[in-house]
file query06.cif (mmCIF, C-alpha atoms)
data_upload
loop_
_atom_site.label_atom_id
_atom_site.label_comp_id
_atom_site.auth_asym_id
_atom_site.auth_seq_id
_atom_site.Cartn_x
_atom_site.Cartn_y
_atom_site.Cartn_z
CA MET A 4 73.34 30.08 180.25
CA LYS A 5 70.99 27.82 178.31
CA ARG A 6 69.29 30.82 176.74
CA LEU A 7 72.67 32.24 175.65
CA LYS A 8 73.68 28.99 173.99
CA LEU A 9 70.37 28.90 172.09
CA ALA A 10 71.00 32.44 170.91
CA VAL A 11 74.46 31.49 169.61
CA ILE A 12 72.94 28.57 167.67
CA ALA A 13 70.34 30.90 166.17
CA LEU A 14 73.14 33.28 165.21
CA PHE A 15 74.95 30.72 163.10
CA ALA A 16 71.67 29.65 161.45
CA LEU A 17 71.07 33.25 160.42
CA ILE A 18 74.56 33.47 158.90
CA THR A 19 73.60 30.86 156.32
CA VAL A 20 70.57 32.83 155.04
CA SER A 21 71.67 36.44 155.34
CA ASN A 22 72.66 38.26 152.11
CA VAL A 23 73.11 41.89 153.00
CA ASN A 24 76.28 43.95 152.62
CA ALA A 25 78.45 45.13 155.47
CA GLN A 26 78.16 48.46 157.18
CA ASP A 27 79.80 51.25 155.17
CA GLU A 28 79.31 54.88 154.21
CA ASN A 29 75.83 54.06 152.96
CA ASN A 30 74.81 53.29 156.53
CA PRO A 31 77.36 55.23 158.55
CA TRP A 32 75.53 55.03 161.87
CA ALA A 33 74.69 51.97 163.95
CA ILE A 34 73.30 51.31 167.41
CA GLY A 35 73.08 47.99 169.19
CA PHE A 36 71.72 46.42 172.30
CA GLY A 37 71.93 42.96 173.84
CA VAL A 38 73.49 40.89 176.60
CA ASN A 39 77.05 40.36 177.72
CA VAL A 40 79.02 37.68 179.53
CA VAL A 41 82.07 38.37 181.78
CA ASP A 42 84.59 35.61 182.41
CA PHE A 43 87.52 36.53 184.70
CA ILE A 44 90.96 35.15 183.77
CA HIS A 45 92.94 33.27 186.43
CA LEU A 46 95.29 31.24 184.24
CA PRO A 47 97.81 32.60 181.74
CA ILE A 48 96.85 32.35 178.09
CA SER A 49 99.84 30.02 177.54
CA ASP A 50 98.22 27.48 179.88
CA SER A 51 96.07 25.01 177.95
CA ASN A 52 93.63 24.98 180.86
CA HIS A 53 93.00 28.66 180.13
CA TRP A 54 91.21 27.81 176.90
CA GLU A 55 89.25 24.99 178.50
CA ASP A 56 88.14 27.43 181.16
CA LEU A 57 87.24 30.00 178.50
CA VAL A 58 84.99 27.59 176.62
CA GLY A 59 83.31 26.30 179.75
CA SER A 60 80.36 28.30 180.96
CA SER A 61 80.46 27.41 184.66
CA ASP A 62 82.19 30.68 185.54
CA TRP A 63 80.32 32.94 183.09
CA ASN A 64 78.63 35.94 184.64
CA PHE A 65 75.39 36.80 182.81
CA LEU A 66 72.69 39.36 183.54
CA PRO A 67 69.38 38.19 181.99
CA SER A 68 68.35 41.56 180.62
CA ILE A 69 69.60 44.20 178.16
CA SER A 70 73.07 44.74 179.49
CA ARG A 71 75.09 46.15 176.57
CA ILE A 72 74.39 49.22 174.44
CA THR A 73 76.60 50.39 171.55
CA ALA A 74 76.78 53.34 169.20
CA GLU A 75 79.17 53.61 166.29
CA LYS A 76 80.06 55.73 163.29
CA TYR A 77 81.64 54.48 160.08
CA LEU A 78 84.81 56.46 159.35
CA ASP A 79 86.50 55.42 156.12
CA LYS A 80 88.17 52.48 154.33
CA GLY A 81 86.60 49.88 156.60
CA PHE A 82 87.27 51.65 159.92
CA SER A 83 84.51 52.50 162.41
CA LEU A 84 84.53 54.15 165.84
CA GLN A 85 82.38 52.41 168.47
CA PHE A 86 81.30 53.42 171.95
CA ALA A 87 79.85 50.74 174.22
CA GLY A 88 78.43 50.56 177.71
CA THR A 89 77.94 47.29 179.54
CA LEU A 90 76.46 46.29 182.89
CA ASN A 91 76.72 42.95 184.62
CA LYS A 92 76.32 41.21 187.95
CA ILE A 93 79.29 39.15 189.08
CA GLU A 94 78.35 35.99 190.99
CA THR A 95 81.35 33.87 189.99
CA PHE A 96 84.82 35.30 190.32
CA THR A 97 86.92 32.17 190.97
CA THR A 98 84.39 29.51 191.86
CA LYS A 99 80.67 29.42 191.31
CA ASP A 100 78.60 31.78 193.50
CA ASP A 101 81.65 33.07 195.40
CA SER A 102 80.80 36.76 194.72
CA ASP A 103 77.98 39.24 194.53
CA PHE A 104 78.89 42.63 193.05
CA PHE A 105 78.11 44.85 190.05
CA TYR A 106 80.30 45.37 187.05
CA TYR A 107 80.17 48.05 184.36
CA SER A 108 82.43 49.30 181.60
CA ILE A 109 82.56 52.14 179.13
CA ASP A 110 84.48 51.29 175.95
CA ALA A 111 85.82 53.25 172.98
CA SER A 112 87.16 51.05 170.17
CA VAL A 113 88.19 51.24 166.57
CA LYS A 114 86.77 48.45 164.44
CA TYR A 115 88.14 47.26 161.13
CA ASP A 116 86.01 45.38 158.60
CA LEU A 117 87.90 42.24 157.53
CA ASN A 118 85.94 42.12 154.28
CA ARG A 119 88.27 44.84 153.13
CA LEU A 120 91.01 42.22 153.13
CA VAL A 121 89.24 39.06 152.01
CA GLY A 122 86.67 40.56 149.68
CA GLU A 123 83.01 41.33 150.16
CA THR A 124 81.14 38.28 151.47
CA ALA A 125 77.74 39.99 151.28
CA TRP A 126 76.12 37.94 154.00
CA PHE A 127 78.91 37.90 156.57
CA ASP A 128 80.57 40.93 158.14
CA PRO A 129 83.58 39.96 160.35
CA TYR A 130 85.76 42.53 162.08
CA ILE A 131 88.50 43.06 164.66
CA HIS A 132 88.50 45.78 167.27
CA LEU A 133 91.01 47.51 169.52
CA GLY A 134 90.51 50.28 172.06
CA GLY A 135 90.34 51.31 175.68
CA SER A 136 87.82 50.82 178.44
CA TYR A 137 87.03 52.16 181.84
CA VAL A 138 85.96 49.19 183.95
CA SER A 139 84.49 49.16 187.46
CA ALA A 140 84.16 45.92 189.42
CA ASP A 141 83.14 45.70 193.06
CA GLY A 142 83.78 49.41 193.49
CA ASN A 143 87.26 49.31 191.99
CA GLY A 144 87.86 50.92 188.63
CA GLU A 145 90.67 51.39 186.17
CA GLY A 146 91.41 51.93 182.50
CA MET A 147 92.00 48.79 180.50
CA LEU A 148 93.16 47.85 177.03
CA THR A 149 90.53 45.96 175.09
CA GLY A 150 90.72 44.02 171.84
CA GLY A 151 89.00 41.17 170.09
CA ILE A 152 86.95 39.99 167.16
CA GLY A 153 83.32 39.84 166.16
CA PHE A 154 80.91 39.76 163.26
CA ASN A 155 77.54 41.02 162.15
CA THR A 156 75.07 39.14 160.07
CA TRP A 157 72.23 41.17 158.60
CA PHE A 158 68.56 40.31 158.28
CA ASN A 159 68.06 43.14 155.79
CA ASP A 160 69.67 46.45 154.87
CA ASN A 161 69.22 47.85 158.37
CA LEU A 162 68.77 45.13 160.97
CA GLY A 163 71.28 42.50 161.98
CA LEU A 164 72.62 40.27 164.74
CA ASN A 165 75.97 40.98 166.37
CA PHE A 166 78.38 38.69 168.16
CA ASN A 167 81.45 40.15 169.83
CA THR A 168 84.21 38.74 172.01
CA GLY A 169 87.32 40.29 173.45
CA VAL A 170 89.75 40.44 176.27
CA LYS A 171 90.33 43.34 178.67
CA HIS A 172 93.75 43.84 180.19
CA GLY A 173 94.52 46.21 183.04
CA PHE A 174 97.77 47.75 184.18
CA ALA A 175 96.89 48.92 187.74
CA ASP A 176 95.79 45.53 189.09
CA LYS A 177 92.53 47.00 190.33
CA VAL A 178 90.35 44.92 188.06
CA GLN A 179 91.17 41.37 187.13
CA ASP A 180 91.81 40.73 183.42
CA HIS A 181 88.78 39.11 181.86
CA TRP A 182 87.02 38.01 178.71
CA GLN A 183 83.81 39.69 177.72
CA HIS A 184 81.39 38.19 175.17
CA SER A 185 78.22 39.78 173.86
CA LEU A 186 75.24 38.96 171.63
CA GLY A 187 72.61 41.41 170.47
CA LEU A 188 70.75 43.18 167.75
CA VAL A 189 72.31 45.99 165.72
CA VAL A 190 70.52 48.64 163.67
CA ARG A 191 72.33 50.67 161.03
CA PHE A 192 70.98 53.83 159.45
CA GLY A 193 71.91 57.15 157.92
CA GLY A 194 72.45 56.01 154.35
CA LYS A 195 71.75 58.59 151.61
CA ASP A 196 69.12 57.69 149.02
CA THR A 197 68.41 60.89 147.11
CA ASP A 198 65.81 59.46 144.74
CA GLY A 199 64.13 57.28 147.38
CA ASP A 200 64.30 54.09 145.34
CA GLY A 201 65.77 52.03 148.17
CA ILE A 202 69.24 51.99 146.66
CA TYR A 203 71.88 54.08 148.35
CA ASP A 204 73.52 56.78 146.28
CA LYS A 205 76.91 55.09 146.41
CA ASN A 206 75.52 52.03 144.65
CA ASP A 207 73.00 53.96 142.57
CA ASP A 208 74.13 54.61 138.98
CA CYS A 209 71.20 57.01 138.66
CA PRO A 210 70.98 58.67 142.10
CA GLN A 211 68.67 61.46 140.96
CA VAL A 212 66.09 59.19 139.28
CA PRO A 213 64.17 56.34 140.98
CA GLY A 214 65.11 53.01 139.49
CA LEU A 215 65.38 49.28 139.97
CA LYS A 216 67.81 47.23 142.00
CA GLU A 217 68.68 44.97 139.06
CA PHE A 218 69.81 48.05 137.13
CA ASN A 219 71.79 49.55 140.03
CA GLY A 220 69.12 52.14 140.67
CA CYS A 221 68.54 53.16 137.06
CA PRO A 222 65.01 53.22 135.63
CA ASP A 223 63.37 51.08 132.98
CA ALA A 224 60.40 53.29 132.09
CA ASP A 225 58.83 50.94 129.56
CA GLY A 226 59.43 47.78 131.59
CA ASP A 227 61.06 45.86 128.76
CA GLY A 228 64.02 44.69 130.82
CA ILE A 229 66.44 47.20 129.27
CA LYS A 230 67.48 50.15 131.40
CA ASP A 231 66.69 53.54 129.95
CA SER A 232 70.32 54.52 129.44
CA ASP A 233 70.79 51.53 127.12
CA ASP A 234 67.30 51.75 125.62
CA ALA A 235 67.03 53.52 122.26
CA CYS A 236 63.25 53.68 122.82
CA PRO A 237 62.94 54.18 126.60
CA ASN A 238 59.21 54.92 126.58
CA VAL A 239 58.11 52.05 124.33
CA ALA A 240 58.62 48.40 125.25
CA GLY A 241 60.88 46.68 122.76
CA LEU A 242 63.41 43.95 122.14
CA ALA A 243 66.95 43.57 123.39
CA SER A 244 68.07 42.78 119.85
CA MET A 245 66.60 46.14 118.77
CA ASN A 246 68.28 48.08 121.64
CA GLY A 247 64.94 48.26 123.42
CA CYS A 248 62.89 49.37 120.42
CA PRO A 249 59.86 47.49 119.04
CA ASP A 250 59.78 45.76 115.66
CA SER A 251 56.06 45.45 114.94
CA ASP A 252 56.39 43.61 111.64
CA GLY A 253 59.30 41.42 112.70
CA ASP A 254 61.50 42.31 109.76
CA GLY A 255 64.60 43.06 111.80
CA VAL A 256 64.24 46.83 111.39
CA ALA A 257 63.23 48.75 114.53
CA ASP A 258 59.98 50.70 114.17
CA LYS A 259 61.79 53.98 114.71
CA ASP A 260 63.92 53.29 111.63
CA ASP A 261 61.21 51.45 109.68
CA MET A 262 59.52 53.45 106.91
CA CYS A 263 56.89 50.69 106.75
CA PRO A 264 56.54 49.51 110.38
CA ASN A 265 53.46 47.38 109.66
CA SER A 266 54.74 45.69 106.49
CA LYS A 267 57.63 43.25 106.56
CA GLY A 268 60.48 44.51 104.43
CA THR A 269 64.26 44.52 104.25
CA LYS A 270 66.99 46.56 105.88
CA ALA A 271 68.18 47.68 102.46
CA ASN A 272 64.75 49.23 101.88
CA ASN A 273 64.50 50.73 105.38
CA GLY A 274 61.97 48.11 106.40
CA CYS A 275 59.70 48.42 103.35
CA PRO A 276 58.77 45.57 100.96
CA ASP A 277 59.44 45.49 97.22
CA THR A 278 57.32 42.54 96.10
CA ASP A 279 58.29 42.58 92.43
CA GLY A 280 61.94 43.41 93.10
CA ASP A 281 62.02 46.31 90.68
CA GLY A 282 63.65 48.72 93.11
CA VAL A 283 60.41 50.65 93.66
CA LEU A 284 59.00 50.16 97.17
CA ASP A 285 55.47 48.76 97.30
CA LYS A 286 54.20 51.92 98.95
CA ASP A 287 55.30 53.91 95.90
CA ASP A 288 54.71 51.18 93.29
CA LYS A 289 51.52 51.43 91.26
CA CYS A 290 52.18 47.93 89.91
CA ALA A 291 53.55 46.24 93.04
CA THR A 292 53.48 42.73 91.60
CA THR A 293 54.83 43.58 88.14
CA PRO A 294 58.38 44.91 87.71
CA GLY A 295 58.65 48.35 86.21
CA PRO A 296 60.92 51.38 86.28
CA ALA A 297 60.75 54.08 88.94
CA ALA A 298 60.20 56.67 86.20
CA ASN A 299 56.83 55.02 85.51
CA SER A 300 55.90 54.56 89.20
CA GLY A 301 57.01 50.92 89.18
CA CYS A 302 54.85 49.92 86.19
CA PRO A 303 56.21 48.61 82.89
CA TRP A 304 56.17 51.02 79.97
CA PRO A 305 53.43 50.24 77.37
CA ASP A 306 54.10 49.46 73.72
CA THR A 307 50.77 50.24 72.09
CA ASP A 308 51.71 49.30 68.53
CA GLY A 309 53.80 46.29 69.59
CA ASP A 310 56.80 47.33 67.54
CA GLY A 311 59.27 46.82 70.39
CA VAL A 312 59.68 50.55 70.91
CA LEU A 313 58.13 51.62 74.22
CA ASP A 314 55.53 54.36 74.04
CA LYS A 315 57.79 56.69 76.01
CA ASP A 316 60.34 56.49 73.20
CA ASP A 317 57.91 55.91 70.32
CA LYS A 318 57.09 58.97 68.28
CA CYS A 319 54.46 56.98 66.42
CA ILE A 320 52.75 54.93 69.17
CA ASN A 321 49.99 53.72 66.86
CA GLU A 322 52.24 52.80 63.93
CA VAL A 323 54.78 50.02 63.79
CA GLY A 324 58.27 51.23 63.17
CA PRO A 325 61.87 50.36 64.07
CA ALA A 326 63.76 51.81 67.01
CA SER A 327 66.22 53.31 64.57
CA ASN A 328 63.40 55.53 63.36
CA ASN A 329 62.01 56.25 66.89
CA GLY A 330 59.20 53.73 66.44
CA CYS A 331 57.87 55.33 63.28
CA PRO A 332 57.63 53.50 59.95
CA GLU A 333 60.55 54.28 57.70
CA GLU A 334 59.87 56.16 54.50
CA VAL A 335 60.74 53.99 51.52
CA ILE A 336 60.95 57.12 49.43
CA THR A 337 60.20 60.74 50.18
CA LYS A 338 57.26 62.54 48.73
CA GLU A 339 59.64 64.93 47.07
CA ALA A 340 61.52 62.10 45.34
CA THR A 341 58.28 60.55 44.14
CA GLU A 342 57.14 63.82 42.68
CA ALA A 343 60.54 64.40 41.06
CA ILE A 344 60.42 61.00 39.30
CA ALA A 345 56.85 61.55 38.10
CA PHE A 346 57.68 65.02 36.80
CA THR A 347 60.89 63.95 35.06
CA ALA A 348 59.15 60.97 33.46
CA LYS A 349 56.99 63.39 31.48
CA SER A 350 60.12 64.52 29.62
CA ILE A 351 60.90 61.03 28.28
CA LEU A 352 60.14 61.33 24.57
CA PHE A 353 60.30 58.62 21.89
CA ASN A 354 60.78 58.78 18.18
CA SER A 355 57.44 58.58 16.39
CA GLY A 356 56.14 55.03 16.11
CA LYS A 357 59.28 53.64 17.71
CA ALA A 358 60.63 52.59 21.15
CA THR A 359 63.82 54.64 20.76
CA PHE A 360 64.48 57.82 22.72
CA LYS A 361 64.65 61.23 21.19
CA SER A 362 67.88 63.14 21.52
CA GLY A 363 68.58 64.53 25.01
CA VAL A 364 66.15 62.22 26.88
CA THR A 365 68.97 60.24 28.50
CA LYS A 366 69.67 63.20 30.83
CA GLU A 367 66.17 62.84 32.23
CA LEU A 368 66.62 59.09 32.60
CA ASP A 369 69.94 59.58 34.37
CA ALA A 370 68.24 61.95 36.83
CA ILE A 371 65.55 59.36 37.52
CA ALA A 372 68.17 56.63 38.07
CA ASP A 373 70.01 58.87 40.52
CA VAL A 374 66.87 59.40 42.61
CA MET A 375 66.14 55.65 42.62
CA MET A 376 69.66 54.85 43.77
CA LYS A 377 69.20 57.19 46.76
CA HIS A 378 66.11 55.25 47.87
CA PRO A 379 67.25 51.63 47.60
CA LYS A 380 64.18 50.16 49.35
CA ALA A 381 61.64 51.65 46.94
CA THR A 382 60.27 49.61 44.06
CA PHE A 383 58.83 51.08 40.88
CA ALA A 384 56.46 50.21 38.05
CA VAL A 385 57.16 51.67 34.59
CA GLY A 386 54.00 52.04 32.56
CA GLY A 387 53.94 52.78 28.79
CA HIS A 388 50.98 54.56 27.17
CA THR A 389 50.01 55.62 23.56
CA ASP A 390 47.36 57.72 21.93
CA SER A 391 44.49 56.19 20.00
CA THR A 392 46.13 56.50 16.58
CA GLY A 393 46.72 53.08 15.10
CA SER A 394 45.37 49.65 16.00
CA LYS A 395 45.11 48.33 19.53
CA LYS A 396 47.58 45.55 18.78
CA ILE A 397 50.16 47.96 17.52
CA ASN A 398 49.59 50.39 20.42
CA ASP A 399 49.78 47.64 23.04
CA GLY A 400 53.03 46.31 21.66
CA LEU A 401 54.56 49.76 21.22
CA SER A 402 53.67 50.82 24.76
CA GLN A 403 55.18 47.61 26.20
CA LYS A 404 58.41 48.14 24.29
CA ARG A 405 58.68 51.77 25.42
CA ALA A 406 58.15 50.75 29.09
CA GLU A 407 60.80 48.06 28.74
CA ALA A 408 63.18 50.54 27.07
CA VAL A 409 62.96 52.81 30.10
CA MET A 410 63.40 49.89 32.52
CA ASN A 411 66.39 48.57 30.63
CA TYR A 412 68.07 51.94 30.62
CA LEU A 413 67.63 52.32 34.38
CA THR A 414 68.99 48.84 35.18
CA SER A 415 71.96 49.43 32.89
CA ASN A 416 72.71 52.48 35.02
CA GLY A 417 72.80 50.69 38.38
CA VAL A 418 69.19 50.25 39.49
CA ASP A 419 68.57 46.70 40.72
CA PRO A 420 66.27 44.93 38.20
CA SER A 421 64.31 43.41 41.09
CA ARG A 422 63.08 46.86 41.99
CA LEU A 423 61.55 47.53 38.56
CA SER A 424 58.66 46.20 36.49
CA ALA A 425 57.43 47.30 33.05
CA LYS A 426 53.99 47.09 31.46
CA GLY A 427 52.39 48.57 28.35
CA TYR A 428 48.83 49.81 28.54
CA GLY A 429 48.41 50.93 24.92
CA SER A 430 45.75 53.61 24.61
CA ALA A 431 43.62 52.25 27.44
CA ASN A 432 44.40 54.97 29.97
CA PRO A 433 44.35 58.38 28.24
CA ILE A 434 44.92 61.46 30.34
CA ASP A 435 43.78 63.89 27.64
CA SER A 436 41.60 64.00 24.54
CA ASN A 437 42.75 62.04 21.51
CA ASP A 438 40.80 64.42 19.25
CA THR A 439 43.48 67.10 19.36
CA ARG A 440 47.11 67.04 18.47
CA ALA A 441 48.10 68.39 21.88
CA GLY A 442 45.88 65.88 23.63
CA ARG A 443 47.31 62.94 21.72
CA ALA A 444 50.82 64.19 22.58
CA ASN A 445 49.95 64.10 26.30
CA ASN A 446 48.60 60.59 25.97
CA ARG A 447 51.86 59.32 24.47
CA ARG A 448 53.76 59.02 27.72
CA VAL A 449 55.69 56.92 30.20
CA GLU A 450 54.68 56.91 33.89
CA ILE A 451 56.93 55.74 36.75
CA LYS A 452 55.14 55.00 40.05
CA VAL A 453 56.42 53.84 43.46
CA THR A 454 54.81 50.52 44.32
CA ASN A 455 55.79 50.17 48.04
CA GLU A 456 55.29 53.59 49.62
#
call {"tool": "encode", "arguments": {"input": "query06.cif", "output": "structure tokens"}}
result
Amino acid sequence: MKRLKLAVIALFALITVSNVNAQDENNPWAIGFGVNVVDFIHLPISDSNHWEDLVGSSDWNFLPSISRITAEKYLDKGFSLQFAGTLNKIETFTTKDDSDFFYYSIDASVKYDLNRLVGETAWFDPYIHLGGSYVSADGNGEGMLTGGIGFNTWFNDNLGLNFNTGVKHGFADKVQDHWQHSLGLVVRFGGKDTDGDGIYDKNDDCPQVPGLKEFNGCPDADGDGIKDSDDACPNVAGLASMNGCPDSDGDGVADKDDMCPNSKGTKANNGCPDTDGDGVLDKDDKCATTPGPAANSGCPWPDTDGDGVLDKDDKCINEVGPASNNGCPEEVITKEATEAIAFTAKSILFNSGKATFKSGVTKELDAIADVMMKHPKATFAVGGHTDSTGSKKINDGLSQKRAEAVMNYLTSNGVDPSRLSAKGYGSANPIDSNDTRAGRANNRRVEIKVTNE
């Protein structure tokens, strides 16, 4: 009896450390073996002395060897079918040592797992049972109704300790009603684990692929703590914040989406840097630290002549000119206009020895004024010339007056005076010989030249 009490104490100690689930379809089969105690009932259950007698061990019959063997099969929804065989030696029937006969029983019971009602306790597996038994005591046998309670507590997925108690009630009065208690080891088996990862298929979210218990049987191939089904990069260790993908440069863009995985960039640039912020990624920017347009590979456009018109738009990159003229210097006056003025000026004729115009010359002057008005930025110098006839003083004065006569006519016809100057050169600059009449005629002339071409 002392050994049985020690076993019961050990049982309750194990309950506090066991953490394995109850028997179910994952382990549909179980066998058990242990010892049993038979305590015959002589007082009705309503009698308070009955319970005192039940707790007391003075009339317990115990065989100090393996005396109970069970086999059971899980059915469904918490129900199991159990077969049990027990053997005992009865030495106390009413009073201690008043008997000496053998006892055996063959039981068939249906068990129901109480965790189905109270919720899975993981470490504790209580149940109730009800069934029938064939019991033989001192050569007398009969069928009896049996029922009771019990529990298993598991050391691991397969091995546990069982305690069972119940009452057996007969109807033929051949065998006295009695309590029967038992304690023993139970082994469950038969669970299906297709992928062999130690997690039964029922609880395995990935039953065809070996996995880890913390992921309900699913794998984590790269060992980054993120199961493969949730891992965007299942074969490369990564970060939870990146859905299991690595971020080598730590820029918040996973390497698989990062066009520059080894250079810290921005999400807007797909993980690439743009140091100068010109919209051209450093990897494509030939001037990564100086802003420039994409059309020039991230470099600023040059302005060779410094006129404010970029070379790409400057049709005269080596000459200063305004943007309005595509970077080229503006023509103050066209070559054609200059030539027209010079040619027309040859037709300006003066009365002999005077600074007055000959008849019809004003048409030529009007034509010259018209050309000047069309080129308002051009400035002109009117030069008067004479032949060598006469004194230098007379020729110098006459040439000055003729130049001024032309200038005055042009200003009176709309040409801004600030654009004109007049000077007489006398006979100092002949263009022909003064020894002939024709030559002297050519030397008596007015010349109009552009001074700011």
call {"tool": "residues_around", "arguments": {"input": "query06.cif", "residues": "A:Thr347", "least_positions_apart": "6", "cutoff": "12 Å", "atoms": "only C-alpha atoms", "output": "NGL selection string"}}
result
:A and (340-341 or 364-374 or 448-452)
call {"tool": "resolve_selection", "arguments": {"input": "query06.cif", "expression": "the PyMOL selection byres ((chain A and resi 337) around 12)", "output": "JSON, numbers by chain"}}
result
{"A": [333, 334, 335, 336, 338, 339, 340, 341, 342, 343, 344, 374, 375, 377, 378, 379, 380, 381, 453, 455, 456]}
call {"tool": "closest_residue", "arguments": {"input": "query06.cif", "among": "A:Asn328, A:Ser232, A:Ser61, A:Asn167", "to": "A:Phe36", "atoms": "all atoms listed in the file"}}
result
A:Asn167
call {"tool": "atom_distance", "arguments": {"input": "query06.cif", "atom1": "atom CA of A:Ser139", "atom2": "atom CA of A:Ser108"}}
result
6.2 Å
call {"tool": "resolve_selection", "arguments": {"input": "query06.cif", "expression": "the PyMOL selection byres ((chain A and resi 89) around 7)", "output": "list in words"}}
result
Ser70, Arg71, Ile72, Ala87, Gly88, Leu90, Asn91, Tyr107, Ser108 and Ile109 of chain A
call {"tool": "closest_residue", "arguments": {"input": "query06.cif", "among": "A:Asp279, A:Asp225, A:Glu75, A:Asp258", "to": "A:Gly193", "atoms": "all atoms listed in the file"}}
result
A:Glu75
call {"tool": "atom_distance", "arguments": {"input": "query06.cif", "atom1": "atom CA of A:Ala441", "atom2": "atom CA of A:Leu401"}}
result
19.7 Å
call {"tool": "atom_distance", "arguments": {"input": "query06.cif", "atom1": "atom CA of A:Lys357", "atom2": "atom CA of A:Tyr428"}}
result
15.5 Å
call {"tool": "residues_near_point", "arguments": {"input": "query06.cif", "point": "(91.3, 51.6, 192.6)", "cutoff": "6 Å", "atoms": "only C-alpha atoms", "output": "list in words"}}
result
Asn143, Gly144 and Lys177 of chain A
call {"tool": "residues_around", "arguments": {"input": "query06.cif", "residues": "A:Asp103", "least_positions_apart": "3", "cutoff": "8 Å", "atoms": "only C-alpha atoms", "output": "list in words"}}
result
Lys92, Ile93, Glu94, Thr95 and Asp100 of chain A
call {"tool": "resolve_selection", "arguments": {"input": "query06.cif", "expression": "the PyMOL selection byres ((chain A and resi 221) around 10)", "output": "PDB file with C-alpha atoms, in the frame of the given file"}}
result
ATOM      1  CA  ASP A 200      64.300  54.090 145.340  1.00  0.00           C
ATOM      2  CA  ILE A 202      69.240  51.990 146.660  1.00  0.00           C
ATOM      3  CA  ASP A 207      73.000  53.960 142.570  1.00  0.00           C
ATOM      4  CA  ASP A 208      74.130  54.610 138.980  1.00  0.00           C
ATOM      5  CA  CYS A 209      71.200  57.010 138.660  1.00  0.00           C
ATOM      6  CA  PRO A 210      70.980  58.670 142.100  1.00  0.00           C
ATOM      7  CA  GLN A 211      68.670  61.460 140.960  1.00  0.00           C
ATOM      8  CA  VAL A 212      66.090  59.190 139.280  1.00  0.00           C
ATOM      9  CA  PRO A 213      64.170  56.340 140.980  1.00  0.00           C
ATOM     10  CA  GLY A 214      65.110  53.010 139.490  1.00  0.00           C
ATOM     11  CA  LEU A 215      65.380  49.280 139.970  1.00  0.00           C
ATOM     12  CA  LYS A 216      67.810  47.230 142.000  1.00  0.00           C
ATOM     13  CA  GLU A 217      68.680  44.970 139.060  1.00  0.00           C
ATOM     14  CA  PHE A 218      69.810  48.050 137.130  1.00  0.00           C
ATOM     15  CA  ASN A 219      71.790  49.550 140.030  1.00  0.00           C
ATOM     16  CA  GLY A 220      69.120  52.140 140.670  1.00  0.00           C
ATOM     17  CA  PRO A 222      65.010  53.220 135.630  1.00  0.00           C
ATOM     18  CA  ASP A 223      63.370  51.080 132.980  1.00  0.00           C
ATOM     19  CA  ALA A 224      60.400  53.290 132.090  1.00  0.00           C
ATOM     20  CA  LYS A 230      67.480  50.150 131.400  1.00  0.00           C
ATOM     21  CA  ASP A 231      66.690  53.540 129.950  1.00  0.00           C
ATOM     22  CA  SER A 232      70.320  54.520 129.440  1.00  0.00           C
TER      23      SER A 232
END
call {"tool": "closest_residue", "arguments": {"input": "query06.cif", "among": "A:Lys426, A:Lys289, A:His388, A:Lys114", "to": "A:Arg443", "atoms": "only C-alpha atoms"}}
result
A:His388
call {"tool": "closest_residue", "arguments": {"input": "query06.cif", "among": "A:Thr389, A:Gln183, A:Asn30, A:Glu145", "to": "A:Asn206", "atoms": "all atoms listed in the file"}}
result
A:Asn30
call {"tool": "closest_residue", "arguments": {"input": "query06.cif", "among": "A:Trp182, A:Phe65, A:Trp157, A:Tyr137", "to": "A:Gly37", "atoms": "all atoms listed in the file"}}
result
A:Phe65
call {"tool": "residues_around", "arguments": {"input": "query06.cif", "residues": "A:Pro332", "least_positions_apart": "6", "cutoff": "9 Å", "atoms": "all atoms listed in the file", "output": "ChimeraX atom specification"}}
result
/A:319,322-325
call {"tool": "build_atoms", "arguments": {"input": "query06.cif", "residues": "stretch 369-375 of chain A", "atoms": "N, CA and C atoms", "output": "compact mmCIF listing (two decimals), keeping the file's coordinate frame"}}
result
# COMPACT_ATOMS: atom_id res chain seq x y z
N ASP A 369 68.85 59.61 33.39
CA ASP A 369 69.94 59.58 34.37
C ASP A 369 69.50 60.21 35.69
N ALA A 370 68.73 61.28 35.61
CA ALA A 370 68.24 61.95 36.83
C ALA A 370 67.32 61.03 37.62
N ILE A 371 66.46 60.29 36.85
CA ILE A 371 65.55 59.36 37.52
C ILE A 371 66.34 58.23 38.18
N ALA A 372 67.35 57.70 37.51
CA ALA A 372 68.17 56.63 38.07
C ALA A 372 68.87 57.09 39.35
N ASP A 373 69.33 58.32 39.33
CA ASP A 373 70.01 58.87 40.52
C ASP A 373 69.08 58.92 41.72
N VAL A 374 67.84 59.36 41.51
CA VAL A 374 66.87 59.40 42.61
C VAL A 374 66.58 58.00 43.12
N MET A 375 66.40 57.04 42.21
CA MET A 375 66.14 55.65 42.62
C MET A 375 67.26 55.06 43.44
